[in-house]
Every structure is written in C-alpha cells, then in structure tokens.
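Step one of this worksheet: look at the structure below.
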Amino acid sequence: MTAETVWLVAAALIGIGVYGALSQQSFVMLMMGLELIVNGVLLAAVGFWSLTAAGLPKGQLLAVVAMAVMAVEMAIGFALVVAVYRRRQVDMTDGLDTLRQ
C-alpha cells in the first residue's frame, strides 16, 4: 500500500468525521464523528511514521497507546451522555441550554 493511499483513506475518515460531528444533533453521532476524526489523524500519523522510521515499532506502540486512550475517552463520553439523559431526558444537543442544573 502506498503512502498516497493511506493518506487518502485518512483524509476521507477525517472528512466524514467532520461532516458527522457538524451535521448531527445526537450525542452519539457527534461522538462517532469525533472518533472518526481522531482515527483519521492516527492513521495518517502511523502511515507517516512507517515511511519515515523504516518500520520501527515505536510508531506502532504510539498508535496502540493512542487507541487505548481513545477507548477510555469514549467510555467516559458515553457515561456522561447516559448521565445527562437520565437527569434531563434529553438525547439531542439542542435540548441542552445549560449544563448547570
């Protein structure tokens, strides 16, 4: 696989993620769009690292650590969404006018 292909897929992931994050009003779809953006950036970084570092495993280790951090971030984000839904019965971003209550 060439570098152009990897970066094209990464750019597509980032573009779809930006569209998903900006066009959706559901908390879950917003978080999915943000996750696609981070995955696209991570794919671009790993693709760049594999070409410049001649395949050293340090870049792969960084990608695994970043994916673990993303999994924790998504778990915390979904816990916050569930807490907001239980408290206010709101599942869309328009329903929240303030976070104070």
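Convention: chains lettered A, B, ... in structure tokens order; per-chain residue numbering from 1; ligands numbered from 1 as shown.
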Practice task
Write out as number ranges by chain each polymer residue whose atoms come within 9 Å of segment 70-73 of chain A, counting only C-alpha atoms; drop sequence neighbours fewer than 4 positions from it.
Solution key: A: 35, 38-39, 65-66, 77-78
Generate the output file for the selected residues, C-alpha atoms, as a CSV table (one decimal), in the first residue's frame.
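Produced file out.csv, reproduced below:
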```csv
chain,number,residue,atom,x,y,z
A,35,GLU,CA,-13.9,9.4,16.9
A,38,VAL,CA,-9.2,11.0,15.7
A,39,ASN,CA,-8.9,7.7,13.9
A,65,VAL,CA,-1.4,3.7,23.3
A,66,ALA,CA,-3.5,6.3,21.4
A,77,GLY,CA,-18.1,10.3,27.0
A,78,PHE,CA,-20.9,7.7,26.8
```
Exercise for the section: Identify, on the basis of only C-alpha atoms, every residue whose closest approach to segment 14-21 of chain A does not exceed 7 Å; exclude the query and any residue fewer than 4 positions from it along the same chain; express the result as an MDAnalysis selection string. Expected result: chainID A and resid 10 29:30 33:34 36:37 40
Would you output that residue set with C-alpha atoms, as a short mmCIF file (atom, residue, chain, number, x, y, z; two decimals), in the first residue's frame?
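Saved file out_15.cif follows:
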```cif
data_model
loop_
_atom_site.label_atom_id
_atom_site.label_comp_id
_atom_site.auth_asym_id
_atom_site.auth_seq_id
_atom_site.Cartn_x
_atom_site.Cartn_y
_atom_site.Cartn_z
CA ALA A 10 -7.07 9.11 6.40
CA MET A 29 -23.48 10.62 16.34
CA LEU A 30 -21.45 13.62 17.49
CA GLY A 33 -17.83 11.87 14.23
CA LEU A 34 -15.16 12.95 16.70
CA LEU A 36 -13.61 9.18 13.13
CA ILE A 37 -11.58 12.39 13.12
CA GLY A 40 -8.09 9.50 10.61
#
```
Problem - DSSP alpha helix (DSSP H) residues within chain A, listed as a PyMOL selection string - result: chain A and resi 3-23+27-52+58-88
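Closest to Val69 of chain A among A:Glu4, A:Leu42, A:Gln25, A:Ala11 is A:Leu42, based on only C-alpha atoms.
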Practice task
Could you tell me how far atom CA of Val81 of chain A lies from atom CA of Phe27 of chain A, in Å and to one decimal?
Solution key: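 Interatomic distance here is 6.9 Å.
Among A:Met31, A:Leu51, A:Val64, A:Ala44, the residue with the shortest atom-to-atom distance to Ile76 of chain A, counting only C-alpha atoms, is A:Met31.
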Exercise for the section: May I ask for the distance between atom CA of Leu8 of chain A and atom CA of Ser23 of chain A, given in Å to one decimal place? Expected result: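 That distance, rounded to one decimal, is 22.2 Å.
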Handout entry: For atom CA of Gln60 of chain A and atom CA of Ala75 of chain A, the interatomic separation in Å (one decimal)
Key =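 Computing the Euclidean distance for atom CA of Gln60 of chain A and atom CA of Ala75 of chain A yields 22.8 Å.
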